[in-house]
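Engineer: Mind looking over this structure? Questions follow.
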There are 2 protein chains.
Amino acid sequence: MLVEVIGFLAGIFTTLAALPQIIRTFKEKKVENISSYMFIALCIGVGLWTVYGIMKADWPIILTNGTSFILNGIMLFFKKKYSVKRKNSPS
Amino acid sequence: MLVEVIGFLAGIFTTLAALPQIIRTFKEKKVENISSYMFIALCIGVGLWTVYGIMKADWPIILTNGTSFILNGIMLFFKKKYSVKRKNSPS
């Protein structure tokens with residue numbers, strides 16, 4: 001039982017980790033200091049962890065990494081969107 | 001066997017994910033767009049995943065999340081270091 005609680009909490013933190021960055025980027029629309037490769041690697045990594053969890057039928061791993069895949073994907077989308085915008089903007 | 005390979009690869013990607021951001025920040029010394037809360041949550045999360053792995057005696061989870069804890073800790077250190085520097089700098 002305890003191990004499931006720890007897995008669940010671990011998953012909550014690693015899943016929510018991308019959220020403050022998503023909110024900050026959505027507000028500021030600035031992404032220069034952020035590395036795309038980090039979020040590409042995170043998407044591939046948590047995607048594989050989701051497969052790992054499915055193969056082990058380990059629900060904490062499946063749910064947390066699946067959600068994390070979506071959030072990191074949003075961050076990657078923001079990185080592309082706000083990087084391109086800056087290049088075209090006249091200033 | 002296959003599941004261990006997937007867990008190992010997943011771990012490599014999620015562990016290495018912080019590296020490009022660490023290298024970029026080390027070069028640029030700029031952290032304004034980066035959220036501290038993301039790396040605080042990541043440190044807590046992968047720390048708990050390491051405990052989860054120990055309790056399940058699951059080596060892919062232990063090694064990858066332990067290393068990830070160190071890398072995310074470095075990023076957190078950089079965020080503090082380069083944020084403070086900018087406030088004091090005369091320009």
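Letters for chains follow the order of the structure tokens (A, B, ...), residue numbers begin at 1 for each chain, and ligand numbers begin at 1 in the order shown.
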Kindly determine which residues of chain B lie within 7 Å of chain A, considering only C-alpha atoms, and give the answer as number ranges by chain.

Structural biologist: B: 3, 6-7, 10-11, 13-14, 17-18, 20-21, 24, 30-31, 33-35, 37-39, 41-42, 44-46, 48-49, 52, 55

Engineer: Would you put the residues from that selection into a file with N, CA, C and O atoms, as an mmCIF file, in the first residue's frame?

Structural biologist:
```
data_model
loop_
_atom_site.group_PDB
_atom_site.id
_atom_site.type_symbol
_atom_site.label_atom_id
_atom_site.label_comp_id
_atom_site.auth_asym_id
_atom_site.auth_seq_id
_atom_site.Cartn_x
_atom_site.Cartn_y
_atom_site.Cartn_z
ATOM 1 N N VAL B 3 10.825 -5.547 -21.706
ATOM 2 C CA VAL B 3 10.317 -4.503 -20.804
ATOM 3 C C VAL B 3 11.483 -3.813 -20.098
ATOM 4 O O VAL B 3 11.465 -2.599 -19.895
ATOM 5 N N ILE B 6 12.991 -1.341 -22.534
ATOM 6 C CA ILE B 6 12.136 -0.151 -22.667
ATOM 7 C C ILE B 6 12.295 0.731 -21.428
ATOM 8 O O ILE B 6 12.447 1.945 -21.521
ATOM 9 N N GLY B 7 12.322 0.106 -20.239
ATOM 10 C CA GLY B 7 12.501 0.872 -19.004
ATOM 11 C C GLY B 7 13.843 1.571 -19.000
ATOM 12 O O GLY B 7 13.954 2.743 -18.626
ATOM 13 N N ALA B 10 13.655 4.425 -21.589
ATOM 14 C CA ALA B 10 12.802 5.488 -21.033
ATOM 15 C C ALA B 10 13.597 6.273 -20.009
ATOM 16 O O ALA B 10 13.594 7.501 -19.986
ATOM 17 N N GLY B 11 14.324 5.553 -19.193
ATOM 18 C CA GLY B 11 15.120 6.195 -18.150
ATOM 19 C C GLY B 11 16.220 7.061 -18.735
ATOM 20 O O GLY B 11 16.458 8.179 -18.274
ATOM 21 N N PHE B 13 16.246 8.613 -21.632
ATOM 22 C CA PHE B 13 15.684 9.851 -22.201
ATOM 23 C C PHE B 13 15.239 10.812 -21.102
ATOM 24 O O PHE B 13 15.519 11.996 -21.158
ATOM 25 N N THR B 14 14.531 10.291 -20.072
ATOM 26 C CA THR B 14 14.051 11.218 -19.037
ATOM 27 C C THR B 14 15.230 11.725 -18.215
ATOM 28 O O THR B 14 15.237 12.868 -17.758
ATOM 29 N N ALA B 17 17.141 14.241 -20.385
ATOM 30 C CA ALA B 17 16.300 15.368 -20.795
ATOM 31 C C ALA B 17 16.815 16.677 -20.197
ATOM 32 O O ALA B 17 16.814 17.707 -20.839
ATOM 33 N N ALA B 18 17.285 16.633 -18.940
ATOM 34 C CA ALA B 18 17.710 17.882 -18.275
ATOM 35 C C ALA B 18 19.056 18.371 -18.815
ATOM 36 O O ALA B 18 19.379 19.553 -18.710
ATOM 37 N N PRO B 20 20.428 18.912 -21.969
ATOM 38 C CA PRO B 20 20.497 20.023 -22.924
ATOM 39 C C PRO B 20 20.164 21.365 -22.275
ATOM 40 O O PRO B 20 20.775 22.382 -22.601
ATOM 41 N N GLN B 21 19.226 21.351 -21.317
ATOM 42 C CA GLN B 21 18.865 22.608 -20.633
ATOM 43 C C GLN B 21 20.018 23.060 -19.745
ATOM 44 O O GLN B 21 20.332 24.260 -19.666
ATOM 45 N N ARG B 24 22.707 24.477 -22.088
ATOM 46 C CA ARG B 24 22.272 25.782 -22.633
ATOM 47 C C ARG B 24 22.387 26.859 -21.564
ATOM 48 O O ARG B 24 22.901 27.951 -21.810
ATOM 49 N N LYS B 30 21.416 32.576 -18.790
ATOM 50 C CA LYS B 30 20.119 33.276 -18.760
ATOM 51 C C LYS B 30 19.025 32.297 -18.337
ATOM 52 O O LYS B 30 18.917 31.218 -18.926
ATOM 53 N N VAL B 31 18.231 32.699 -17.343
ATOM 54 C CA VAL B 31 17.230 31.779 -16.799
ATOM 55 C C VAL B 31 15.846 32.416 -16.643
ATOM 56 O O VAL B 31 14.949 31.832 -16.052
ATOM 57 N N ASN B 33 13.224 32.879 -18.474
ATOM 58 C CA ASN B 33 12.000 32.208 -18.949
ATOM 59 C C ASN B 33 11.754 30.871 -18.250
ATOM 60 O O ASN B 33 10.742 30.228 -18.468
ATOM 61 N N ILE B 34 12.711 30.447 -17.429
ATOM 62 C CA ILE B 34 12.629 29.107 -16.848
ATOM 63 C C ILE B 34 11.954 29.163 -15.475
ATOM 64 O O ILE B 34 12.250 30.031 -14.665
ATOM 65 N N SER B 35 11.043 28.215 -15.220
ATOM 66 C CA SER B 35 10.293 28.194 -13.966
ATOM 67 C C SER B 35 11.036 27.362 -12.916
ATOM 68 O O SER B 35 11.313 26.178 -13.143
ATOM 69 N N TYR B 37 9.737 26.410 -10.174
ATOM 70 C CA TYR B 37 8.787 25.423 -9.623
ATOM 71 C C TYR B 37 8.826 24.133 -10.413
ATOM 72 O O TYR B 37 8.604 23.056 -9.869
ATOM 73 N N MET B 38 9.134 24.260 -11.718
ATOM 74 C CA MET B 38 9.227 23.037 -12.530
ATOM 75 C C MET B 38 10.345 22.140 -11.989
ATOM 76 O O MET B 38 10.160 20.950 -11.768
ATOM 77 N N PHE B 39 11.507 22.736 -11.711
ATOM 78 C CA PHE B 39 12.649 21.915 -11.279
ATOM 79 C C PHE B 39 12.540 21.503 -9.820
ATOM 80 O O PHE B 39 13.035 20.447 -9.430
ATOM 81 N N ALA B 41 9.592 20.742 -8.451
ATOM 82 C CA ALA B 41 8.646 19.615 -8.544
ATOM 83 C C ALA B 41 9.349 18.384 -9.126
ATOM 84 O O ALA B 41 9.156 17.258 -8.662
ATOM 85 N N LEU B 42 10.226 18.596 -10.118
ATOM 86 C CA LEU B 42 10.946 17.464 -10.724
ATOM 87 C C LEU B 42 11.856 16.800 -9.693
ATOM 88 O O LEU B 42 11.905 15.568 -9.595
ATOM 89 N N ILE B 44 11.542 16.778 -6.395
ATOM 90 C CA ILE B 44 10.729 16.034 -5.428
ATOM 91 C C ILE B 44 10.201 14.753 -6.099
ATOM 92 O O ILE B 44 10.278 13.652 -5.554
ATOM 93 N N GLY B 45 9.707 14.908 -7.331
ATOM 94 C CA GLY B 45 9.099 13.769 -8.032
ATOM 95 C C GLY B 45 10.082 12.643 -8.282
ATOM 96 O O GLY B 45 9.837 11.485 -7.919
ATOM 97 N N VAL B 46 11.238 12.954 -8.890
ATOM 98 C CA VAL B 46 12.191 11.878 -9.202
ATOM 99 C C VAL B 46 12.823 11.340 -7.926
ATOM 100 O O VAL B 46 13.224 10.164 -7.874
ATOM 101 N N LEU B 48 11.095 10.888 -5.149
ATOM 102 C CA LEU B 48 10.093 9.907 -4.708
ATOM 103 C C LEU B 48 10.109 8.667 -5.618
ATOM 104 O O LEU B 48 9.973 7.535 -5.160
ATOM 105 N N TRP B 49 10.325 8.871 -6.943
ATOM 106 C CA TRP B 49 10.397 7.706 -7.857
ATOM 107 C C TRP B 49 11.585 6.822 -7.460
ATOM 108 O O TRP B 49 11.517 5.599 -7.558
ATOM 109 N N TYR B 52 10.456 4.826 -4.661
ATOM 110 C CA TYR B 52 9.520 3.833 -5.218
ATOM 111 C C TYR B 52 10.304 2.660 -5.827
ATOM 112 O O TYR B 52 10.000 1.489 -5.584
ATOM 113 N N MET B 55 11.858 0.468 -3.132
ATOM 114 C CA MET B 55 10.872 -0.402 -2.469
ATOM 115 C C MET B 55 10.476 -1.565 -3.386
ATOM 116 O O MET B 55 10.132 -2.648 -2.936
#
```

Engineer: DSSP on the backbone: which residues in chain B end up as helix (DSSP H, G or I)? Give the answer as a PyMOL selection string.

Structural biologist: chain B and resi 2-16+18-28+36-55+59-88

Engineer: What's the separation between CA of Met1 in chain B and CA of Pro60 in chain B, in Å to one decimal place?

Structural biologist: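 Spanning CA of Met1 in chain B to CA of Pro60 in chain B is a straight-line distance of 12.2 Å.
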
Engineer: Could you jot down the CA of Asn72 in chain A to CA of Lys27 in chain A separation for me, Å, one decimal place?

Structural biologist: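 Atom-to-atom, CA of Asn72 in chain A to CA of Lys27 in chain A, that is 16.8 Å.
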